[in-house]
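Data from input.pdb: PDB, C-alpha atoms
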ATOM      1  CA  THR X   1       0.000   0.000   0.000
ATOM      2  CA  ALA X   2       0.983   3.644  -0.254
ATOM      3  CA  LEU X   3       1.375   3.961   3.528
ATOM      4  CA  VAL X   4       3.725   0.970   3.677
ATOM      5  CA  ALA X   5       5.766   2.477   0.828
ATOM      6  CA  VAL X   6       6.103   5.750   2.782
ATOM      7  CA  CYS X   7       7.246   3.839   5.878
ATOM      8  CA  VAL X   8       9.811   1.874   3.879
ATOM      9  CA  SER X   9      11.235   4.948   2.129
ATOM     10  CA  ALA X  10      11.442   6.894   5.411
ATOM     11  CA  GLY X  11      12.933   3.993   7.376
ATOM     12  CA  ILE X  12       9.959   3.858   9.750
ATOM     13  CA  PRO X  13       9.578   0.456  11.438
ATOM     14  CA  HIS X  14       6.190  -0.961  10.518
ATOM     15  CA  ILE X  15       4.175  -4.151  10.766
ATOM     16  CA  PRO X  16       1.356  -4.622   8.268
ATOM     17  CA  VAL X  17      -1.505  -6.196  10.210
ATOM     18  CA  ARG X  18      -4.208  -8.168   8.481
ATOM     19  CA  ARG X  19      -7.142 -10.143   9.821
ATOM     20  CA  ASP X  20      -4.985 -13.304   9.775
ATOM     21  CA  THR X  21      -1.845 -11.760  11.323
ATOM     22  CA  ASP X  22      -0.184 -13.742  14.124
ATOM     23  CA  ASP X  23      -1.404 -12.624  17.560
ATOM     24  CA  GLY X  24       2.160 -12.190  18.889
ATOM     25  CA  VAL X  25       3.219  -9.668  16.255
ATOM     26  CA  PHE X  26       3.064  -6.716  18.700
ATOM     27  CA  GLU X  27       5.272  -8.190  21.438
ATOM     28  CA  GLY X  28       8.108  -5.798  22.218
ATOM     29  CA  THR X  29       6.820  -3.045  19.942
ATOM     30  CA  ALA X  30       5.886   0.566  20.710
ATOM     31  CA  GLY X  31       4.475   3.527  18.824
ATOM     32  CA  PRO X  32       1.355   4.132  16.778
ATOM     33  CA  ILE X  33      -0.558   1.285  15.181
ATOM     34  CA  PHE X  34      -1.924   2.591  11.900
ATOM     35  CA  VAL X  35      -5.063   0.753  10.804
ATOM     36  CA  ALA X  36      -5.907   1.192   7.132
ATOM     37  CA  THR X  37      -8.280  -1.549   6.088
ATOM     38  CA  HIS X  38     -11.725  -2.127   4.701
ATOM     39  CA  ALA X  39     -14.489  -1.521   7.233
ATOM     40  CA  SER X  40     -15.518  -5.191   7.064
ATOM     41  CA  ASP X  41     -12.041  -6.187   8.367
ATOM     42  CA  LEU X  42     -11.827  -3.705  11.248
ATOM     43  CA  ASP X  43     -13.085  -6.059  13.948
ATOM     44  CA  ALA X  44     -10.678  -8.819  12.922
ATOM     45  CA  VAL X  45      -7.719  -6.414  12.897
ATOM     46  CA  VAL X  46      -8.621  -4.875  16.276
ATOM     47  CA  LEU X  47      -8.829  -8.374  17.773
ATOM     48  CA  ARG X  48      -5.148  -8.895  16.789
ATOM     49  CA  VAL X  49      -4.045  -5.898  18.869
ATOM     50  CA  PRO X  50      -3.467  -6.527  22.593
ATOM     51  CA  ARG X  51      -5.840  -4.477  24.773
ATOM     52  CA  GLU X  52      -2.896  -2.654  26.396
ATOM     53  CA  ARG X  53      -1.960  -1.315  22.931
ATOM     54  CA  HIS X  54      -5.452  -0.064  22.034
ATOM     55  CA  ARG X  55      -4.424   3.460  23.073
ATOM     56  CA  ASP X  56      -1.943   3.364  20.156
ATOM     57  CA  LEU X  57      -4.537   2.515  17.496
ATOM     58  CA  VAL X  58      -4.891   5.051  14.704
ATOM     59  CA  PHE X  59      -7.830   4.503  12.372
ATOM     60  CA  LEU X  60      -6.990   5.782   8.892
ATOM     61  CA  GLN X  61     -10.327   5.418   7.201
ATOM     62  CA  GLY X  62     -11.806   7.083   4.162
ATOM     63  CA  GLY X  63     -15.049   7.460   6.101
ATOM     64  CA  LEU X  64     -15.855   8.389   9.661
ATOM     65  CA  LEU X  65     -16.175   5.565  12.185
ATOM     66  CA  ARG X  66     -19.337   5.993  14.188
ATOM     67  CA  ASP X  67     -18.995   6.767  17.894
ATOM     68  CA  GLY X  68     -21.155   3.741  18.760
ATOM     69  CA  TRP X  69     -18.790   1.373  16.940
ATOM     70  CA  LEU X  70     -15.817   2.776  18.838
ATOM     71  CA  GLU X  71     -17.601   2.804  22.206
ATOM     72  CA  ARG X  72     -18.771  -0.817  21.915
ATOM     73  CA  ARG X  73     -15.141  -1.869  21.466
ATOM     74  CA  GLY X  74     -13.726   0.369  24.213
ATOM     75  CA  LEU X  75     -12.019   2.553  21.586
ATOM     76  CA  ARG X  76     -13.815   5.877  22.116
ATOM     77  CA  ARG X  77     -10.494   7.649  22.747
ATOM     78  CA  ALA X  78      -8.649   6.071  19.813
ATOM     79  CA  THR X  79      -7.099   8.348  17.210
ATOM     80  CA  GLN X  80      -9.069   8.773  14.006
ATOM     81  CA  ALA X  81      -8.109  10.340  10.713
ATOM     82  CA  ALA X  82     -10.344  11.360   7.848
ATOM     83  CA  LEU X  83      -8.209  11.048   4.748
ATOM     84  CA  TYR X  84      -8.662  13.056   1.609
ATOM     85  CA  LEU X  85      -6.041  11.610  -0.689
ATOM     86  CA  ALA X  86      -5.573   9.307  -3.619
ATOM     87  CA  ALA X  87      -3.229   6.333  -3.628
ATOM     88  CA  GLY X  88      -1.215   5.828  -6.787
ATOM     89  CA  THR X  89      -1.841   3.014  -9.231
ATOM     90  CA  GLY X  90       0.140   1.403 -12.029
ATOM     91  CA  THR X  91       3.647   2.872 -12.267
ATOM     92  CA  ASP X  92       2.706   5.385  -9.556
ATOM     93  CA  GLN X  93       1.820   2.592  -7.106
ATOM     94  CA  GLY X  94       2.993   3.360  -3.582
ATOM     95  CA  ALA X  95       2.588   7.118  -4.015
ATOM     96  CA  MET X  96      -0.034   9.320  -2.409
ATOM     97  CA  ARG X  97      -1.595  12.466  -3.831
ATOM     98  CA  ASP X  98      -2.978  15.163  -1.557
ATOM     99  CA  GLY X  99      -6.719  15.680  -1.759
ATOM    100  CA  GLY X 100      -6.563  19.441  -1.302
ATOM    101  CA  GLY X 101      -5.246  19.643   2.245
ATOM    102  CA  ALA X 102      -8.543  18.568   3.802
ATOM    103  CA  SER X 103      -7.240  15.536   5.770
ATOM    104  CA  VAL X 104      -7.691  15.839   9.532
ATOM    105  CA  ALA X 105      -6.864  13.728  12.588
ATOM    106  CA  HIS X 106      -7.846  13.854  16.236
ATOM    107  CA  GLY X 107      -6.852  11.860  19.276
ATOM    108  CA  PRO X 108      -3.710  11.072  21.245
ATOM    109  CA  ARG X 109      -1.716  10.041  18.159
ATOM    110  CA  ALA X 110      -2.916  12.768  15.767
ATOM    111  CA  SER X 111       0.591  14.249  15.487
ATOM    112  CA  ASP X 112       1.884  10.834  14.338
ATOM    113  CA  VAL X 113      -0.693  10.884  11.523
ATOM    114  CA  VAL X 114       0.352  14.395  10.490
ATOM    115  CA  ARG X 115       4.041  13.351  10.364
ATOM    116  CA  LEU X 116       3.382  10.134   8.416
ATOM    117  CA  LEU X 117       1.195  11.792   5.810
ATOM    118  CA  ALA X 118       3.634  14.709   5.417
ATOM    119  CA  LEU X 119       6.330  12.179   4.484
ATOM    120  CA  GLY X 120       4.014  11.063   1.681
ATOM    121  CA  GLY X 121       3.328  14.635   0.550
ATOM    122  CA  VAL X 122      -0.168  14.814   2.014
ATOM    123  CA  ALA X 123      -1.219  17.754   4.193
ATOM    124  CA  CYS X 124      -3.082  16.870   7.376
ATOM    125  CA  ALA X 125      -4.084  18.908  10.422
ATOM    126  CA  ALA X 126      -4.336  17.691  14.021
ATOM    127  CA  VAL X 127      -7.645  19.014  15.342
ATOM    128  CA  ASP X 128      -9.891  18.683  18.378
ATOM    129  CA  GLU X 129     -12.872  16.318  18.321
ATOM    130  CA  LYS X 130     -15.443  19.036  17.633
ATOM    131  CA  THR X 131     -13.508  20.288  14.584
ATOM    132  CA  PHE X 132     -12.957  16.725  13.413
ATOM    133  CA  LYS X 133     -16.673  16.007  13.422
ATOM    134  CA  LYS X 134     -17.382  19.224  11.512
ATOM    135  CA  LYS X 135     -14.816  18.349   8.856
ATOM    136  CA  THR X 136     -16.009  14.784   8.344
TER     137      THR X 136
END
Rewritten as structure tokens:
Amino acid sequence: TALVAVCVSAGIPHIPVRRDTDDGVFEGTAGPIFVATHASDLDAVVLRVPRERHRDLVFLQGGLLRDGWLERRGLRRATQAALYLAAGTGTDQGAMRDGGGASVAHGPRASDVVRLLALGGVACAAVDEKTFKKKT
């Protein structure tokens, strides 16, 4: 994916997590856990993350996750990002194109989102929850 390509080019340690990822993959790790997956796979991915690391989850979704979904999973305080970007295809695969500077993030790891997207050439602002909800 484009996010993995940015991590590789910037030398950022990363672990792609899928619904069938080994449960022990997070042992001895620290830092943000960027979740960029289809909505139908979110539950399976979250189940792979140890509860003590839930505070590090960063949901990078094209659409807003509903508060009820987050609350039912004990993730109300998790970081969310609303992304306005396009991922490259064909020979441009692994690149990201800014969607007009409209991407926003809120939560304890919002600054990590801003830094990661900036490395890929995408503008993103860290905002409070009220602003986030207005923008999404």
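Every residue that the PyMOL selection byres ((chain X and resi 136) around 7) selects in this file is listed here: X:Leu64, X:Ala82, X:Phe132, X:Lys133, X:Lys134, X:Lys135.
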For the file shown, report as a compact mmCIF listing (two decimals) with C-alpha atoms, in the frame of the given file the outcome of the PyMOL selection byres ((chain X and resi 102) around 9) at residue level.
# COMPACT_ATOMS: atom_id res chain seq x y z
CA ALA X 82 -10.34 11.36 7.85
CA LEU X 83 -8.21 11.05 4.75
CA TYR X 84 -8.66 13.06 1.61
CA LEU X 85 -6.04 11.61 -0.69
CA ASP X 98 -2.98 15.16 -1.56
CA GLY X 99 -6.72 15.68 -1.76
CA GLY X 100 -6.56 19.44 -1.30
CA GLY X 101 -5.25 19.64 2.24
CA SER X 103 -7.24 15.54 5.77
CA VAL X 104 -7.69 15.84 9.53
CA ALA X 123 -1.22 17.75 4.19
CA CYS X 124 -3.08 16.87 7.38
CA ALA X 125 -4.08 18.91 10.42
CA LYS X 135 -14.82 18.35 8.86
Shell around Arg115 (chain X) at 12 Å using only C-alpha atoms, local window under 2 positions removed, as a PDB file with C-alpha atoms, keeping the file's coordinate frame:
ATOM      1  CA  LEU X   3       1.375   3.961   3.528  1.00  0.00           C
ATOM      2  CA  VAL X   6       6.103   5.750   2.782  1.00  0.00           C
ATOM      3  CA  CYS X   7       7.246   3.839   5.878  1.00  0.00           C
ATOM      4  CA  ALA X  10      11.442   6.894   5.411  1.00  0.00           C
ATOM      5  CA  ILE X  12       9.959   3.858   9.750  1.00  0.00           C
ATOM      6  CA  PRO X  32       1.355   4.132  16.778  1.00  0.00           C
ATOM      7  CA  ALA X 105      -6.864  13.728  12.588  1.00  0.00           C
ATOM      8  CA  ARG X 109      -1.716  10.041  18.159  1.00  0.00           C
ATOM      9  CA  ALA X 110      -2.916  12.768  15.767  1.00  0.00           C
ATOM     10  CA  SER X 111       0.591  14.249  15.487  1.00  0.00           C
ATOM     11  CA  ASP X 112       1.884  10.834  14.338  1.00  0.00           C
ATOM     12  CA  VAL X 113      -0.693  10.884  11.523  1.00  0.00           C
ATOM     13  CA  LEU X 117       1.195  11.792   5.810  1.00  0.00           C
ATOM     14  CA  ALA X 118       3.634  14.709   5.417  1.00  0.00           C
ATOM     15  CA  LEU X 119       6.330  12.179   4.484  1.00  0.00           C
ATOM     16  CA  GLY X 120       4.014  11.063   1.681  1.00  0.00           C
ATOM     17  CA  GLY X 121       3.328  14.635   0.550  1.00  0.00           C
ATOM     18  CA  VAL X 122      -0.168  14.814   2.014  1.00  0.00           C
ATOM     19  CA  ALA X 123      -1.219  17.754   4.193  1.00  0.00           C
ATOM     20  CA  CYS X 124      -3.082  16.870   7.376  1.00  0.00           C
ATOM     21  CA  ALA X 125      -4.084  18.908  10.422  1.00  0.00           C
ATOM     22  CA  ALA X 126      -4.336  17.691  14.021  1.00  0.00           C
TER      23      ALA X 126
END
**Message:** For region 13-25 of chain X, find every residue with an atom within 7 Å (counting only C-alpha atoms), except residues of its own chain fewer than 6 positions away, and show them as number ranges by chain.
**Reply:** X: 7, 41, 44-45, 48
A straight line from CA of Val49 (chain X) to CA of Pro108 (chain X) spans 17.1 Å
Skip Phe34 (chain X) itself and residues of its chain fewer than 3 positions away, then list as a ChimeraX atom specification all residues within 7 Å of it, counting all atoms listed in the file. /X:57-60
Could you tell me which residues the PyMOL selection byres ((chain X and resi 66) around 12) returns for this structure, as a VMD selection string? chain X and resid 39 59 61 63 to 65 67 to 73 75 to 76 80 133 136
Closest to Arg51 (chain X) among X:Thr1, X:His38, X:Ala86, X:Ala78, using all atoms listed in the file?
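Checking each candidate against Arg51 (chain X), we get X:Ala78 as the closest.
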Using only C-alpha atoms, the shortest atom-to-atom distance to Ala5 (chain X) among X:Thr29, X:Val114, X:Glu129, X:Ala87 belongs to X:Ala87
TODO: Tell me, in Å to one decimal, how far CA of Ala30 (chain X) is from CA of Lys130 (chain X).
DONE: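 The value is 28.4 Å.
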Using only C-alpha atoms, the residue out of X:Gly11, X:Glu52, X:Thr79, X:His106 with shortest distance to Val35 (chain X) is X:Thr79
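Nearest to Gly28 (chain X) of all the residues X:Arg97, X:Ser9, X:Arg55, X:Pro50 is X:Pro50, based on all atoms listed in the file.
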Query raised in the report: Quick one: distance from CA of Ser40 (chain X) to CA of His54 (chain X) in Å, one decimal?
Result: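 Taking CA of Ser40 (chain X) and CA of His54 (chain X), their separation equals 18.8 Å.
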